[in-house]
$ cat work-v4.cif   # mmCIF, C-alpha atoms
data_coords
loop_
_atom_site.label_atom_id
_atom_site.label_comp_id
_atom_site.auth_asym_id
_atom_site.auth_seq_id
_atom_site.Cartn_x
_atom_site.Cartn_y
_atom_site.Cartn_z
CA MET A 140 -54.71 61.38 69.31
CA PHE A 141 -51.03 60.34 69.42
CA ASP A 142 -50.49 61.26 65.74
CA GLY A 143 -51.92 64.69 66.39
CA ALA A 144 -49.49 65.27 69.23
CA VAL A 145 -46.58 64.26 67.02
CA VAL A 146 -47.68 66.67 64.28
CA LEU A 147 -48.08 69.45 66.78
CA ALA A 148 -44.63 68.76 68.23
CA ARG A 149 -43.14 68.89 64.74
CA LYS A 150 -44.84 72.21 64.02
CA VAL A 151 -43.56 73.67 67.26
CA LYS A 152 -40.06 72.39 66.47
CA MET A 153 -40.14 73.94 62.99
CA ALA A 154 -41.41 77.24 64.36
CA ILE A 155 -38.59 77.35 66.89
CA ARG A 156 -36.08 76.56 64.15
CA ALA A 157 -37.47 79.34 61.96
CA LYS A 158 -37.33 81.82 64.85
CA LEU A 159 -33.76 80.78 65.59
CA PHE A 160 -32.77 81.09 61.93
CA ASN A 161 -34.32 84.54 61.63
CA TRP A 162 -32.57 85.61 64.79
CA LEU A 163 -29.25 84.35 63.53
CA ALA A 164 -29.54 85.35 59.88
CA GLY A 165 -31.90 88.26 59.86
CA ASP A 166 -31.71 90.44 62.90
CA VAL A 167 -28.24 89.93 64.30
CA VAL A 168 -24.98 90.73 62.57
CA TRP A 169 -22.21 88.56 63.98
CA ILE A 170 -18.64 89.82 63.91
CA TYR A 171 -15.53 87.68 64.22
CA THR A 172 -13.35 88.92 67.09
CA VAL A 173 -10.51 87.64 69.24
CA LYS A 174 -13.24 86.68 71.74
CA GLY A 175 -15.10 84.62 69.13
CA MET A 176 -18.24 85.55 67.22
CA ILE A 177 -20.00 88.44 68.93
CA PRO A 178 -23.19 90.28 67.87
CA GLU A 179 -22.23 93.62 66.43
CA LYS A 180 -24.84 95.39 68.59
CA ARG A 181 -23.02 94.37 71.78
CA MET A 182 -19.86 96.17 70.73
CA VAL A 183 -18.80 99.76 70.18
CA HIS A 184 -17.72 100.27 66.58
CA SER A 185 -15.50 103.17 65.57
CA VAL A 186 -13.51 104.15 62.51
CA GLU A 187 -10.64 106.56 62.05
CA TRP A 188 -9.04 108.17 59.04
CA GLU A 189 -5.61 109.70 59.14
CA GLN A 190 -2.68 110.49 56.88
CA ASP A 191 0.58 109.02 58.12
CA SER A 192 4.02 110.56 57.97
CA GLU A 193 4.66 108.85 54.62
CA GLY A 194 1.64 110.57 53.10
CA ASN A 195 -0.32 107.32 53.00
CA PHE A 196 -3.92 107.21 54.15
CA ARG A 197 -4.76 104.88 57.02
CA PHE A 198 -8.30 103.65 57.70
CA SER A 199 -8.71 101.95 61.07
CA GLU A 200 -11.80 99.96 62.04
CA ILE A 201 -12.09 99.17 65.75
CA TYR A 202 -14.53 97.10 67.80
CA THR A 203 -14.50 97.19 71.59
CA LEU A 204 -16.51 95.05 74.02
CA ASP A 205 -16.95 96.51 77.50
CA GLY A 206 -14.00 98.76 76.82
CA GLU A 207 -11.72 95.96 75.65
CA LEU A 208 -10.31 95.95 72.14
CA VAL A 209 -11.58 92.78 70.44
CA LYS A 210 -11.07 93.57 66.76
CA GLN A 211 -8.94 96.06 64.91
CA SER A 212 -8.37 96.18 61.18
CA GLN A 213 -5.95 98.52 59.43
CA HIS A 214 -6.12 99.51 55.79
CA PHE A 215 -3.48 101.64 54.12
CA LYS A 216 -3.85 103.42 50.80
CA LEU A 217 -0.35 103.89 49.44
CA VAL A 218 -0.27 107.23 47.66
CA LYS A 219 3.06 106.95 45.90
CA GLY A 220 5.56 104.17 45.25
CA LEU A 221 9.33 104.26 45.05
CA GLU A 222 11.49 105.63 42.25
CA ALA A 223 14.96 104.55 41.17
CA LEU A 224 16.93 106.93 38.99
CA ALA A 225 18.71 105.31 36.07
CA GLU A 226 21.78 107.26 35.05
CA VAL A 227 24.43 106.87 32.37
CA GLN A 228 28.00 108.00 32.77
CA PRO A 229 28.99 110.42 29.95
CA LEU A 230 31.91 109.05 27.94
CA MET B 76 18.09 117.01 15.78
CA ALA B 77 20.91 116.25 18.15
CA ASN B 78 21.68 112.88 19.65
CA THR B 79 20.84 112.37 23.29
CA GLN B 80 22.34 110.00 25.78
CA GLY B 81 20.38 108.03 28.31
CA ILE B 82 19.30 104.61 29.40
CA THR B 83 16.58 103.57 27.01
CA THR B 84 13.06 103.43 28.27
CA ASN B 85 12.71 100.01 26.72
CA TYR B 86 15.61 98.74 28.80
CA LYS B 87 13.98 100.01 31.98
CA VAL B 88 10.88 97.98 31.15
CA GLU B 89 12.62 94.91 29.80
CA ALA B 90 15.00 94.70 32.75
CA GLN B 91 11.90 94.12 34.85
CA ASN B 92 10.70 91.49 32.40
CA GLY B 93 13.97 89.55 32.54
CA HIS B 94 15.00 90.19 28.93
CA HIS B 95 18.59 91.14 29.74
CA ALA B 96 21.39 89.34 31.55
CA LEU B 97 24.39 91.64 31.65
CA GLY B 98 25.93 89.39 34.27
CA THR B 99 25.53 85.71 34.99
CA CYS B 100 21.96 84.80 35.87
CA THR B 101 22.06 82.05 38.47
CA GLU B 102 18.44 81.05 38.00
CA THR B 103 17.49 78.60 35.29
CA ARG B 104 14.22 79.59 33.73
CA THR B 105 12.19 76.82 32.18
CA ALA B 106 9.41 79.12 31.03
CA SER B 107 9.03 82.71 29.89
CA THR B 108 6.12 83.38 32.23
CA LYS B 109 6.30 85.97 34.97
CA ASP B 110 7.54 85.04 38.44
CA ASN B 111 5.47 84.55 41.57
CA LEU B 112 5.81 87.39 44.04
CA LYS B 113 5.09 87.62 47.75
CA CYS B 114 4.85 90.31 50.41
CA ALA B 115 6.14 90.02 53.99
CA LEU B 116 5.66 92.44 56.90
CA TYR B 117 8.37 93.75 59.25
CA LEU B 118 8.40 95.05 62.78
CA VAL B 119 9.14 98.66 63.63
CA SER B 120 12.22 97.38 65.48
CA ALA B 121 13.63 95.73 62.33
CA THR B 122 16.17 97.24 59.97
CA THR B 123 14.78 95.89 56.71
CA GLY B 124 15.48 98.12 53.74
CA PRO B 125 16.99 98.45 50.26
CA GLY B 126 20.15 96.76 51.53
CA ASN B 127 18.33 93.45 51.99
CA ALA B 128 19.12 91.40 48.90
CA VAL B 129 16.74 88.59 49.76
CA TYR B 130 13.65 87.95 51.85
CA THR B 131 14.57 87.50 55.49
CA VAL B 132 12.74 86.21 58.54
CA THR B 133 14.79 88.56 60.71
CA GLY B 134 12.44 91.19 62.04
CA GLU B 135 9.41 89.70 60.31
CA VAL B 136 6.11 89.96 62.14
CA SER B 137 4.56 86.93 63.79
CA GLY B 138 1.15 86.30 65.18
CA SER B 139 -2.12 84.48 64.81
CA GLY B 140 -3.13 84.03 61.18
CA TYR B 141 0.21 85.20 59.76
CA SER B 142 2.49 82.71 58.02
CA ALA B 143 6.20 83.45 57.69
CA GLY B 144 6.89 84.70 54.19
CA GLY B 145 3.64 86.62 53.98
CA VAL B 146 1.06 86.45 51.22
CA ALA B 147 1.07 86.20 47.43
CA VAL B 148 1.09 89.41 45.43
CA THR B 149 -1.40 89.64 42.58
CA ASN B 150 0.50 90.57 39.47
CA ALA B 151 -1.75 90.73 36.44
CA THR B 152 -0.33 93.93 34.95
CA ALA B 153 3.05 93.80 33.25
CA PRO B 154 5.61 96.60 33.65
CA ASN B 155 4.89 99.54 31.38
CA SER B 156 6.35 102.95 30.58
CA SER B 157 5.32 106.51 30.04
CA GLY B 158 7.75 109.12 28.81
CA THR B 159 11.12 107.81 29.95
CA THR B 160 9.88 106.24 33.18
CA ALA B 161 9.14 102.53 33.54
CA PHE B 162 6.69 101.52 36.22
CA TRP B 163 5.04 98.48 37.77
CA THR B 164 2.38 98.08 40.44
CA PRO B 165 0.64 94.97 41.79
CA SER B 166 -2.77 94.69 40.19
CA ALA B 167 -4.68 94.23 43.47
CA SER B 168 -4.45 95.24 47.09
CA ILE B 169 -2.19 93.12 49.28
CA SER B 170 -4.35 91.73 52.07
CA PHE B 171 -3.63 89.77 55.23
CA GLY B 172 -6.98 88.44 56.42
CA THR B 173 -7.92 87.80 60.05
CA VAL B 174 -4.56 88.25 61.70
CA THR B 175 -3.43 89.37 65.13
CA LEU B 176 -0.14 91.23 64.98
CA ALA B 177 0.33 92.68 68.43
CA THR B 178 3.83 94.07 67.99
CA ALA B 179 3.98 97.25 65.96
CA PHE B 180 5.08 96.92 62.34
CA ASP B 181 5.65 99.51 59.64
CA ALA B 182 7.19 97.93 56.57
CA ALA B 183 6.42 95.48 53.77
CA MET B 184 8.92 93.73 51.51
CA ILE B 185 7.90 92.59 48.04
CA TYR B 186 10.10 89.76 46.86
CA ASN B 187 10.44 87.12 44.18
CA ASP B 188 9.13 83.76 45.40
CA GLN B 189 9.79 81.91 42.16
CA PHE B 190 13.15 80.42 43.07
CA THR B 191 14.89 79.00 46.13
CA THR B 192 16.70 82.31 46.61
CA LYS B 193 13.95 84.78 47.43
CA ARG B 194 15.33 87.95 45.86
CA SER B 195 13.95 91.22 47.13
CA ILE B 196 12.33 93.82 44.89
CA SER B 197 11.33 96.67 47.19
CA VAL B 198 10.63 97.63 50.78
CA HIS B 199 7.79 100.03 51.55
CA THR B 200 7.14 101.76 54.84
CA PHE B 201 3.91 103.12 56.32
CA GLY B 202 2.71 104.35 59.70
CA SER B 203 3.40 102.11 62.69
CA THR B 204 0.43 99.87 63.30
CA THR B 205 -0.96 96.74 64.97
CA VAL B 206 -3.89 94.49 64.06
CA THR B 207 -6.20 92.57 66.41
CA GLY B 208 -8.25 89.75 64.90
CA GLY B 209 -8.79 91.83 61.81
CA THR B 210 -7.56 92.51 58.32
CA PHE B 211 -4.45 94.37 57.27
CA SER B 212 -4.42 95.63 53.72
CA LEU B 213 -2.26 97.75 51.47
CA THR B 214 -4.13 99.41 48.65
CA MET B 215 -1.84 100.16 45.74
CA PRO B 216 -1.19 103.60 44.28
CA THR B 217 -2.22 104.50 40.76
CA ASN B 218 -0.12 102.52 38.31
CA ASP B 219 1.55 105.25 36.28
CA ALA B 220 4.89 106.98 35.81
CA THR B 221 4.25 109.39 38.67
CA THR B 222 2.92 107.19 41.46
CA GLY B 223 3.46 103.53 40.44
CA LEU B 224 4.76 101.32 43.23
CA VAL B 225 8.10 100.62 41.52
CA ARG B 226 9.40 103.19 39.06
CA ILE B 227 12.65 103.48 37.17
CA ALA B 228 13.08 107.01 35.91
#
$ encode --input "work-v4.cif" --output "structure tokens"
Amino acid sequence: MFDGAVVLARKVKMAIRAKLFNWLAGDVVWIYTVKGMIPEKRMVHSVEWEQDSEGNFRFSEIYTLDGELVKQSQHFKLVKGLEALAEVQPL
Amino acid sequence: MANTQGITTNYKVEAQNGHHALGTCTETRTASTKDNLKCALYLVSATTGPGNAVYTVTGEVSGSGYSAGGVAVTNATAPNSSGTTAFWTPSASISFGTVTLATAFDAAMIYNDQFTTKRSISVHTFGSTTVTGGTFSLTMPTNDATTGLVRIA
């Protein structure tokens, strides 16, 4: 009788663990923010593309939580580098 | 076929490889391998530019996840040339992972981190920006004579 209760308790414990794992790993995507790890579904996610005054492309990725900015990444694609002109002085 | 004057293309490449010392080189090289490079970020309010001979902390960004001096630059592609233009570009994007840089910045300095004196190579500007708990990255232009990051024409 006692052994049966222990086995049942173990099964329940394992089932809870599995449910918890699936919830963490399978259904919810967690995002690192300045407020800690937050499920992606709780936040508003937006992206923006623009070309800056230098001609470079900027890709912004923004997450807000209840209207507050909690994560913002910026990615620039540099279109063109810098050029130095090498000149010789005619003799 | 007439003679033509000009700085040789080979010189433009080899100057970047450290083959020439027309003046006194104050660094003692113990190996012929390429130098380690780094990239630092600068605030919009700074005055960093081509006049900066060495890496400076003046005007450098600060914030969570950012270490003074910046990050290493991946340099797996040696300087090359096409036509009469020599060019060089880092071989990977420059990325600052999980940083918070709340004060606007708009410039990056690439400098030589091999020696005690951190000699500058170039300063690149981009649109004013901030980062909040995210990634800041600079994706490099195509490495050729027209768009390479550093070109000597």
$ closest_residue --input "work-v4.cif" --among "B:Pro125, B:Gly134, B:Gly144, B:Gly93" --to "B:Lys113" --atoms "all atoms listed in the file"
B:Gly144
$ residues_near_point --input "work-v4.cif" --point "(-6.1, 89.1, 59.5)" --cutoff "9 Å" --atoms "only C-alpha atoms" --output "PyMOL selection string"
(chain A and resi 212) or (chain B and resi 139-141+170-176+206-212)
$ atom_distance --input "work-v4.cif" --atom1 "atom CA of B:Val136" --atom2 "atom CA of A:Ser185"
25.6 Å
$ interface_residues --input "work-v4.cif" --of "chain A" --to "chain B" --cutoff "8 Å" --atoms "all atoms listed in the file" --output "VMD selection string"
chain A and resid 171 to 173 191 to 193 195 197 208 to 227 229
$ resolve_selection --input "work-v4.cif" --expression "the PyMOL selection byres ((chain B and resi 88) around 7)" --output "list in words"
Thr84, Asn85, Tyr86, Lys87, Glu89, Ala90, Gln91, Asn92, Pro154, Asn155, Ser156 and Ala161 of chain B
$ atom_distance --input "work-v4.cif" --atom1 "atom CA of B:Tyr186" --atom2 "atom CA of B:Leu112"
5.7 Å
$ atom_distance --input "work-v4.cif" --atom1 "atom CA of B:Val119" --atom2 "atom CA of B:Phe180"
4.6 Å
$ resolve_selection --input "work-v4.cif" --expression "the PyMOL selection byres ((chain B and resi 122) around 12)" --output "mmCIF file with C-alpha atoms, keeping the file's coordinate frame"
data_model
loop_
_atom_site.group_PDB
_atom_site.id
_atom_site.type_symbol
_atom_site.label_atom_id
_atom_site.label_comp_id
_atom_site.auth_asym_id
_atom_site.auth_seq_id
_atom_site.Cartn_x
_atom_site.Cartn_y
_atom_site.Cartn_z
ATOM 1 C CA LEU B 116 5.660 92.440 56.900
ATOM 2 C CA TYR B 117 8.370 93.750 59.250
ATOM 3 C CA LEU B 118 8.400 95.050 62.780
ATOM 4 C CA VAL B 119 9.140 98.660 63.630
ATOM 5 C CA SER B 120 12.220 97.380 65.480
ATOM 6 C CA ALA B 121 13.630 95.730 62.330
ATOM 7 C CA THR B 123 14.780 95.890 56.710
ATOM 8 C CA GLY B 124 15.480 98.120 53.740
ATOM 9 C CA PRO B 125 16.990 98.450 50.260
ATOM 10 C CA GLY B 126 20.150 96.760 51.530
ATOM 11 C CA ASN B 127 18.330 93.450 51.990
ATOM 12 C CA THR B 131 14.570 87.500 55.490
ATOM 13 C CA VAL B 132 12.740 86.210 58.540
ATOM 14 C CA THR B 133 14.790 88.560 60.710
ATOM 15 C CA GLY B 134 12.440 91.190 62.040
ATOM 16 C CA GLU B 135 9.410 89.700 60.310
ATOM 17 C CA PHE B 180 5.080 96.920 62.340
ATOM 18 C CA ASP B 181 5.650 99.510 59.640
ATOM 19 C CA ALA B 182 7.190 97.930 56.570
ATOM 20 C CA ALA B 183 6.420 95.480 53.770
ATOM 21 C CA MET B 184 8.920 93.730 51.510
ATOM 22 C CA VAL B 198 10.630 97.630 50.780
ATOM 23 C CA THR B 200 7.140 101.760 54.840
#
$ axis_aligned_box --input "work-v4.cif" --around "stretch 99-103 of chain B" --padding-each-side "3 Å" --output "lines of an AutoDock Vina configuration file"
center_x = 21.5
center_y = 82.2
center_z = 36.7
size_x = 14.0
size_y = 13.1
size_z = 9.5
$ resolve_selection --input "work-v4.cif" --expression "the PyMOL selection byres ((chain B and resi 192-195) around 7)" --output "NGL selection string"
:B and (127-130 or 185-188 or 190-191 or 196-197)
$ closest_residue --input "work-v4.cif" --among "B:Ala167, B:Ala143, B:Ala151, B:Ala106" --to "B:Gln189" --atoms "all atoms listed in the file"
B:Ala106
$ closest_residue --input "work-v4.cif" --among "B:Ser166, B:Thr178, B:Ala153, B:Cys114" --to "B:Gly138" --atoms "all atoms listed in the file"
B:Thr178
$ decode --input "work-v4.cif" --residues "stretch 191-204 of chain B" --atoms "all heavy atoms" --output "mmCIF file, in the first residue's frame"
data_model
loop_
_atom_site.group_PDB
_atom_site.id
_atom_site.type_symbol
_atom_site.label_atom_id
_atom_site.label_comp_id
_atom_site.auth_asym_id
_atom_site.auth_seq_id
_atom_site.Cartn_x
_atom_site.Cartn_y
_atom_site.Cartn_z
ATOM 1 N N THR B 191 51.286 48.358 -27.194
ATOM 2 C CA THR B 191 50.855 49.234 -26.099
ATOM 3 C C THR B 191 50.202 50.500 -26.648
ATOM 4 O O THR B 191 49.195 50.966 -26.136
ATOM 5 C CB THR B 191 52.067 49.605 -25.219
ATOM 6 O OG1 THR B 191 52.655 48.390 -24.749
ATOM 7 C CG2 THR B 191 51.629 50.446 -24.039
ATOM 8 N N THR B 192 50.806 51.058 -27.684
ATOM 9 C CA THR B 192 50.206 52.225 -28.348
ATOM 10 C C THR B 192 49.158 51.729 -29.335
ATOM 11 O O THR B 192 49.486 51.012 -30.292
ATOM 12 C CB THR B 192 51.284 53.032 -29.091
ATOM 13 O OG1 THR B 192 52.284 53.436 -28.145
ATOM 14 C CG2 THR B 192 50.685 54.259 -29.745
ATOM 15 N N LYS B 193 47.926 52.067 -29.074
ATOM 16 C CA LYS B 193 46.805 51.546 -29.872
ATOM 17 C C LYS B 193 46.551 52.464 -31.068
ATOM 18 O O LYS B 193 45.704 53.369 -31.031
ATOM 19 C CB LYS B 193 45.544 51.461 -29.005
ATOM 20 C CG LYS B 193 45.741 50.817 -27.645
ATOM 21 C CD LYS B 193 46.079 49.351 -27.751
ATOM 22 C CE LYS B 193 46.141 48.713 -26.377
ATOM 23 N NZ LYS B 193 46.636 47.319 -26.437
ATOM 24 N N ARG B 194 47.285 52.250 -32.125
ATOM 25 C CA ARG B 194 47.203 53.141 -33.286
ATOM 26 C C ARG B 194 45.893 52.961 -34.054
ATOM 27 O O ARG B 194 45.463 51.845 -34.316
ATOM 28 C CB ARG B 194 48.400 52.888 -34.202
ATOM 29 C CG ARG B 194 49.713 53.335 -33.590
ATOM 30 C CD ARG B 194 50.897 53.086 -34.499
ATOM 31 N NE ARG B 194 52.082 53.770 -34.008
ATOM 32 C CZ ARG B 194 52.839 53.304 -33.014
ATOM 33 N NH1 ARG B 194 52.550 52.174 -32.442
ATOM 34 N NH2 ARG B 194 53.892 53.991 -32.604
ATOM 35 N N SER B 195 45.327 54.097 -34.427
ATOM 36 C CA SER B 195 44.041 54.058 -35.127
ATOM 37 C C SER B 195 44.229 53.687 -36.596
ATOM 38 O O SER B 195 45.292 53.930 -37.186
ATOM 39 C CB SER B 195 43.354 55.422 -35.028
ATOM 40 O OG SER B 195 44.175 56.406 -35.637
ATOM 41 N N ILE B 196 43.205 53.127 -37.166
ATOM 42 C CA ILE B 196 43.195 52.791 -38.594
ATOM 43 C C ILE B 196 42.129 53.610 -39.310
ATOM 44 O O ILE B 196 42.400 54.263 -40.319
ATOM 45 C CB ILE B 196 42.930 51.283 -38.804
ATOM 46 C CG1 ILE B 196 44.093 50.475 -38.223
ATOM 47 C CG2 ILE B 196 42.715 50.958 -40.284
ATOM 48 C CD1 ILE B 196 43.880 48.981 -38.238
ATOM 49 N N SER B 197 40.913 53.600 -38.789
ATOM 50 C CA SER B 197 39.828 54.332 -39.453
ATOM 51 C C SER B 197 38.701 54.605 -38.468
ATOM 52 O O SER B 197 38.559 53.912 -37.465
ATOM 53 C CB SER B 197 39.297 53.526 -40.650
ATOM 54 O OG SER B 197 38.843 52.251 -40.222
ATOM 55 N N VAL B 198 37.927 55.634 -38.795
ATOM 56 C CA VAL B 198 36.731 55.964 -38.014
ATOM 57 C C VAL B 198 35.554 55.991 -38.985
ATOM 58 O O VAL B 198 35.622 56.654 -40.027
ATOM 59 C CB VAL B 198 36.869 57.327 -37.320
ATOM 60 C CG1 VAL B 198 35.565 57.685 -36.592
ATOM 61 C CG2 VAL B 198 38.035 57.307 -36.332
ATOM 62 N N HIS B 199 34.506 55.268 -38.640
ATOM 63 C CA HIS B 199 33.336 55.155 -39.518
ATOM 64 C C HIS B 199 32.098 55.670 -38.790
ATOM 65 O O HIS B 199 31.893 55.338 -37.625
ATOM 66 C CB HIS B 199 33.128 53.697 -39.934
ATOM 67 C CG HIS B 199 34.348 53.091 -40.563
ATOM 68 N ND1 HIS B 199 34.557 53.085 -41.916
ATOM 69 C CD2 HIS B 199 35.448 52.518 -40.014
ATOM 70 C CE1 HIS B 199 35.729 52.519 -42.182
ATOM 71 N NE2 HIS B 199 36.288 52.165 -41.041
ATOM 72 N N THR B 200 31.316 56.457 -39.476
ATOM 73 C CA THR B 200 30.097 56.993 -38.867
ATOM 74 C C THR B 200 28.868 56.311 -39.458
ATOM 75 O O THR B 200 28.904 55.748 -40.557
ATOM 76 C CB THR B 200 29.985 58.504 -39.071
ATOM 77 O OG1 THR B 200 29.994 58.777 -40.474
ATOM 78 C CG2 THR B 200 31.142 59.235 -38.403
ATOM 79 N N PHE B 201 27.781 56.380 -38.688
ATOM 80 C CA PHE B 201 26.498 55.803 -39.116
ATOM 81 C C PHE B 201 25.418 56.622 -38.414
ATOM 82 O O PHE B 201 25.734 57.539 -37.635
ATOM 83 C CB PHE B 201 26.418 54.312 -38.753
ATOM 84 C CG PHE B 201 27.008 53.995 -37.414
ATOM 85 C CD1 PHE B 201 26.282 54.189 -36.253
ATOM 86 C CD2 PHE B 201 28.314 53.537 -37.306
ATOM 87 C CE1 PHE B 201 26.836 53.910 -35.019
ATOM 88 C CE2 PHE B 201 28.879 53.257 -36.067
ATOM 89 C CZ PHE B 201 28.128 53.446 -34.917
ATOM 90 N N GLY B 202 24.171 56.298 -38.640
ATOM 91 C CA GLY B 202 23.084 57.062 -38.040
ATOM 92 C C GLY B 202 23.107 56.970 -36.518
ATOM 93 O O GLY B 202 23.421 55.931 -35.954
ATOM 94 N N SER B 203 22.762 58.093 -35.870
ATOM 95 C CA SER B 203 22.711 58.126 -34.415
ATOM 96 C C SER B 203 21.784 57.041 -33.884
ATOM 97 O O SER B 203 20.678 56.855 -34.392
ATOM 98 C CB SER B 203 22.209 59.503 -33.964
ATOM 99 O OG SER B 203 21.989 59.513 -32.581
ATOM 100 N N THR B 204 22.253 56.340 -32.842
ATOM 101 C CA THR B 204 21.457 55.217 -32.363
ATOM 102 C C THR B 204 21.701 54.936 -30.881
ATOM 103 O O THR B 204 22.677 55.407 -30.300
ATOM 104 C CB THR B 204 21.770 53.953 -33.197
ATOM 105 O OG1 THR B 204 20.794 52.965 -32.944
ATOM 106 C CG2 THR B 204 23.145 53.404 -32.877
#
